[in-house]
>>> print(open('data-v1.txt').read())   # compact mmCIF, C-alpha atoms
# COMPACT_ATOMS: atom_id res chain seq x y z
CA MET L 1 21.77 -7.66 -13.65
CA LEU L 2 24.16 -9.10 -16.25
CA LYS L 3 21.67 -11.78 -17.30
CA LYS L 4 19.01 -9.11 -17.72
CA LEU L 5 21.36 -6.99 -19.86
CA ILE L 6 22.28 -9.96 -22.07
CA TYR L 7 18.62 -10.88 -22.42
CA LEU L 8 17.68 -7.31 -23.38
CA ILE L 9 20.48 -7.12 -25.96
CA LEU L 10 19.45 -10.39 -27.59
CA ILE L 11 15.72 -9.54 -27.56
CA GLU L 12 16.29 -6.02 -28.91
CA LYS L 13 18.36 -7.36 -31.77
CA MET L 14 15.72 -9.97 -32.66
CA VAL L 15 12.59 -7.84 -32.19
CA VAL L 16 13.49 -4.26 -32.93
CA GLY L 17 16.08 -4.93 -35.57
CA LEU L 18 19.05 -2.76 -36.21
CA ILE L 19 19.55 0.30 -34.02
CA ASN L 20 21.57 2.03 -36.74
CA ALA L 21 20.22 0.55 -39.97
CA ASN L 22 22.38 2.72 -42.23
CA PRO L 23 25.74 3.40 -40.62
CA VAL L 24 28.35 5.56 -42.29
CA VAL L 25 31.11 3.36 -43.68
CA TYR L 26 34.54 4.98 -43.89
CA GLU L 27 37.55 4.11 -45.98
CA LYS L 28 40.01 1.87 -44.19
CA LYS L 29 43.40 3.19 -43.27
CA GLU L 30 46.19 1.72 -45.36
CA ARG L 31 47.97 -1.07 -43.56
CA ARG L 32 51.51 -0.03 -42.81
CA PRO L 33 54.13 -2.71 -43.00
CA ARG L 34 55.67 -3.66 -39.70
CA THR L 35 59.41 -3.57 -39.40
CA GLY L 36 61.14 -6.93 -39.55
CA PRO L 37 61.10 -9.18 -36.52
CA VAL L 38 63.23 -8.01 -33.66
CA VAL L 39 65.91 -10.52 -32.88
CA LEU L 40 66.33 -10.62 -29.14
CA GLU L 41 69.63 -11.82 -27.79
CA ASP L 42 67.86 -12.98 -24.65
CA GLU L 43 64.94 -15.28 -25.42
CA TYR L 44 63.30 -14.24 -22.13
CA ALA L 45 63.53 -10.51 -22.85
CA VAL L 46 60.24 -8.61 -22.97
CA GLU L 47 59.24 -7.46 -26.45
CA SER L 48 57.74 -3.98 -26.57
CA ILE L 49 54.23 -3.37 -27.90
CA ASP L 50 53.11 -0.12 -29.52
CA GLN L 51 49.91 1.62 -30.60
CA LEU L 52 50.06 0.28 -34.17
CA GLU L 53 50.35 -3.31 -32.96
CA ILE L 54 47.28 -2.92 -30.74
CA PHE L 55 45.35 -1.34 -33.63
CA ASP L 56 46.34 -4.21 -35.92
CA HIS L 57 44.94 -6.68 -33.39
CA ILE L 58 41.52 -5.00 -33.15
CA ARG L 59 40.92 -3.24 -36.48
CA ASP L 60 39.19 -6.21 -38.13
CA ILE L 61 36.75 -7.04 -35.32
CA LYS L 62 33.29 -7.13 -36.90
CA ASP L 63 30.46 -4.98 -35.65
CA PRO L 64 27.77 -7.13 -33.96
CA GLU L 65 24.99 -5.62 -36.11
CA HIS L 66 26.65 -5.04 -39.47
CA PRO L 67 29.00 -6.85 -41.85
CA TYR L 68 31.59 -4.10 -41.37
CA SER L 69 34.67 -3.96 -39.17
CA LEU L 70 34.98 -1.58 -36.25
CA GLU L 71 37.58 0.27 -38.31
CA ASP L 72 35.14 0.60 -41.27
CA LEU L 73 32.62 2.28 -38.96
CA LYS L 74 35.27 4.37 -37.15
CA VAL L 75 34.23 2.80 -33.88
CA ILE L 76 37.95 2.44 -33.25
CA THR L 77 40.86 4.47 -34.57
CA GLU L 78 44.57 4.24 -34.08
CA ASP L 79 44.56 7.63 -32.33
CA ALA L 80 42.15 6.32 -29.66
CA ILE L 81 44.69 3.79 -28.38
CA GLU L 82 47.13 4.58 -25.60
CA VAL L 83 50.01 2.29 -24.74
CA ASP L 84 52.40 2.62 -21.82
CA ASP L 85 54.70 -0.31 -22.44
CA LYS L 86 56.86 0.38 -19.38
CA ARG L 87 53.82 0.08 -17.11
CA SER L 88 52.25 -2.70 -19.24
CA TYR L 89 49.10 -0.63 -19.71
CA VAL L 90 46.79 -0.32 -22.74
CA ARG L 91 43.70 1.86 -23.04
CA VAL L 92 41.33 1.56 -25.99
CA THR L 93 38.64 4.21 -26.33
CA PHE L 94 35.88 3.38 -28.79
CA THR L 95 33.08 5.48 -30.26
CA PRO L 96 29.69 3.82 -30.82
CA THR L 97 27.96 4.80 -34.09
CA VAL L 98 24.90 6.09 -32.21
CA GLU L 99 24.46 7.53 -28.72
CA HIS L 100 21.98 4.84 -27.64
CA CYS L 101 23.87 1.86 -29.12
CA SER L 102 22.66 -1.27 -27.34
CA MET L 103 25.70 -3.17 -28.61
CA ALA L 104 28.28 -0.96 -26.88
CA THR L 105 28.90 -3.50 -24.12
CA VAL L 106 29.25 -6.31 -26.68
CA ILE L 107 31.71 -4.22 -28.73
CA GLY L 108 33.73 -3.46 -25.61
CA LEU L 109 33.67 -7.12 -24.61
CA CYS L 110 34.92 -8.08 -28.09
CA LEU L 111 37.79 -5.60 -27.74
CA ARG L 112 38.68 -6.95 -24.30
CA VAL L 113 38.55 -10.61 -25.37
CA LYS L 114 40.62 -9.98 -28.50
CA LEU L 115 43.31 -8.22 -26.48
CA MET L 116 43.18 -10.87 -23.72
CA ARG L 117 43.87 -13.48 -26.40
CA SER L 118 46.55 -11.44 -28.20
CA LEU L 119 48.62 -9.71 -25.53
CA PRO L 120 50.90 -11.12 -22.86
CA SER L 121 49.11 -11.47 -19.53
CA ARG L 122 51.29 -8.75 -17.97
CA TYR L 123 49.17 -6.07 -19.69
CA LYS L 124 46.34 -4.30 -17.91
CA VAL L 125 43.74 -3.42 -20.52
CA ASP L 126 41.28 -0.56 -20.01
CA ILE L 127 38.34 -0.36 -22.44
CA ARG L 128 36.35 2.89 -22.51
CA VAL L 129 33.54 4.53 -24.43
CA ALA L 130 34.66 7.91 -25.76
CA PRO L 131 33.42 10.67 -23.44
CA GLY L 132 30.04 12.06 -24.47
CA THR L 133 29.34 9.44 -27.17
CA HIS L 134 26.95 7.11 -25.33
CA ALA L 135 23.85 7.73 -23.22
CA THR L 136 24.98 5.29 -20.49
CA GLU L 137 28.73 5.82 -20.81
CA ALA L 138 29.55 5.44 -17.10
CA ALA L 139 27.59 2.19 -16.76
CA VAL L 140 29.16 0.70 -19.89
CA ASN L 141 32.67 1.66 -18.75
CA LYS L 142 32.02 0.13 -15.33
CA GLN L 143 30.81 -3.15 -16.84
CA LEU L 144 33.70 -3.43 -19.30
CA ASN L 145 36.37 -2.91 -16.65
CA ASP L 146 34.94 -5.07 -13.87
CA LYS L 147 36.75 -8.44 -13.89
CA GLU L 148 33.85 -10.27 -12.25
CA ARG L 149 31.27 -8.94 -14.70
CA VAL L 150 33.49 -9.77 -17.66
CA ALA L 151 34.09 -13.29 -16.30
CA ALA L 152 30.34 -13.77 -15.79
CA ALA L 153 29.62 -12.55 -19.33
CA LEU L 154 32.15 -15.01 -20.73
CA GLU L 155 30.28 -17.86 -19.02
CA ASN L 156 27.17 -17.14 -21.09
CA PRO L 157 27.26 -19.31 -24.25
CA ASN L 158 25.03 -16.93 -26.25
CA LEU L 159 27.24 -13.95 -25.50
CA VAL L 160 30.44 -15.91 -26.15
CA GLY L 161 28.95 -16.97 -29.48
CA MET L 162 28.33 -13.33 -30.41
CA VAL L 163 31.88 -12.40 -29.39
CA ASP L 164 33.38 -15.30 -31.35
CA ASP L 165 31.36 -14.29 -34.43
CA CYS L 166 32.71 -10.75 -34.17
CA LEU L 167 36.28 -11.99 -33.76
CA ALA L 168 36.13 -14.59 -36.54
CA PRO L 169 38.39 -13.69 -39.46
CA SER L 170 36.68 -12.31 -42.54
CA PHE L 171 37.81 -13.35 -45.97
CA GLU L 172 37.63 -10.09 -47.93
>>> encode(input="data-v1.txt", output="structure tokens")
Amino acid sequence: MLKKLIYLILIEKMVVGLINANPVVYEKKERRPRTGPVVLEDEYAVESIDQLEIFDHIRDIKDPEHPYSLEDLKVITEDAIEVDDKRSYVRVTFTPTVEHCSMATVIGLCLRVKLMRSLPSRYKVDIRVAPGTHATEAAVNKQLNDKERVAAALENPNLVGMVDDCLAPSFE
């Protein structure tokens, strides 16, 4: 099933072209300066993480189809991030640019991988498509939050290449 999905995504991108050829590009939110580093008296103390920190980690992820960031396209917003630091829980809800976006699973995988690489392992990360914004919302949500499916996806070199391209820093 996963191989078929990956194959369909790659073929659709090569054959059909862009699903949303002319996306709306929004103005980026001004970057707010973070407060100075917190000096912990105990080097083993747990540092808290907030909504702004999560947003800063994911705001510059590039869209798989366009040269814009997920923030530029309003696929992600700061308001769509929930953090419960006491329970080590993060939920990111993203909004695809079109209801039939074939790249929704890739976008969600990029969000998951970026947060896996950026956050301490104690965090449980939940990635969701915003309710009512995608034709196959339930299936996408199930794929993005199934550890075995995510692990299988990350074993596919083509898919990992796409994810790495999306996560690569841009030099604007």
>>> residues_around(input="data-v1.txt", residues="His100 in chain L", least_positions_apart="4", cutoff="9 Å", atoms="only C-alpha atoms", output="MDAnalysis selection string")
chainID L and resid 19 96 104 133:136
>>> closest_residue(input="data-v1.txt", among="L:Leu159, L:Val129, L:Leu109, L:Phe55", to="Lys147 in chain L", atoms="all atoms listed in the file")
L:Leu109
>>> residues_around(input="data-v1.txt", residues="Leu115 in chain L", least_positions_apart="6", cutoff="12 Å", atoms="all atoms listed in the file", output="PyMOL selection string")
chain L and resi 53-59+61+89-92+108-109+121-127+167
>>> closest_residue(input="data-v1.txt", among="L:Val150, L:Pro131, L:Val106, L:Pro157", to="Ala80 in chain L", atoms="only C-alpha atoms")
L:Pro131
>>> closest_residue(input="data-v1.txt", among="L:Ala153, L:Ala130, L:Leu111, L:Val98", to="Leu73 in chain L", atoms="all atoms listed in the file")
L:Val98
>>> closest_residue(input="data-v1.txt", among="L:Glu148, L:Asp50, L:Asp60, L:Asp165", to="Ile76 in chain L", atoms="only C-alpha atoms")
L:Asp60
>>> closest_residue(input="data-v1.txt", among="L:Ala168, L:Asp84, L:Ala151, L:Val75", to="Arg128 in chain L", atoms="only C-alpha atoms")
L:Val75
>>> closest_residue(input="data-v1.txt", among="L:Ile81, L:Glu65, L:Asp72, L:Val113", to="Gln51 in chain L", atoms="only C-alpha atoms")
L:Ile81
>>> atom_distance(input="data-v1.txt", atom1="CA of Val46 in chain L", atom2="CA of Met116 in chain L")
17.2 Å
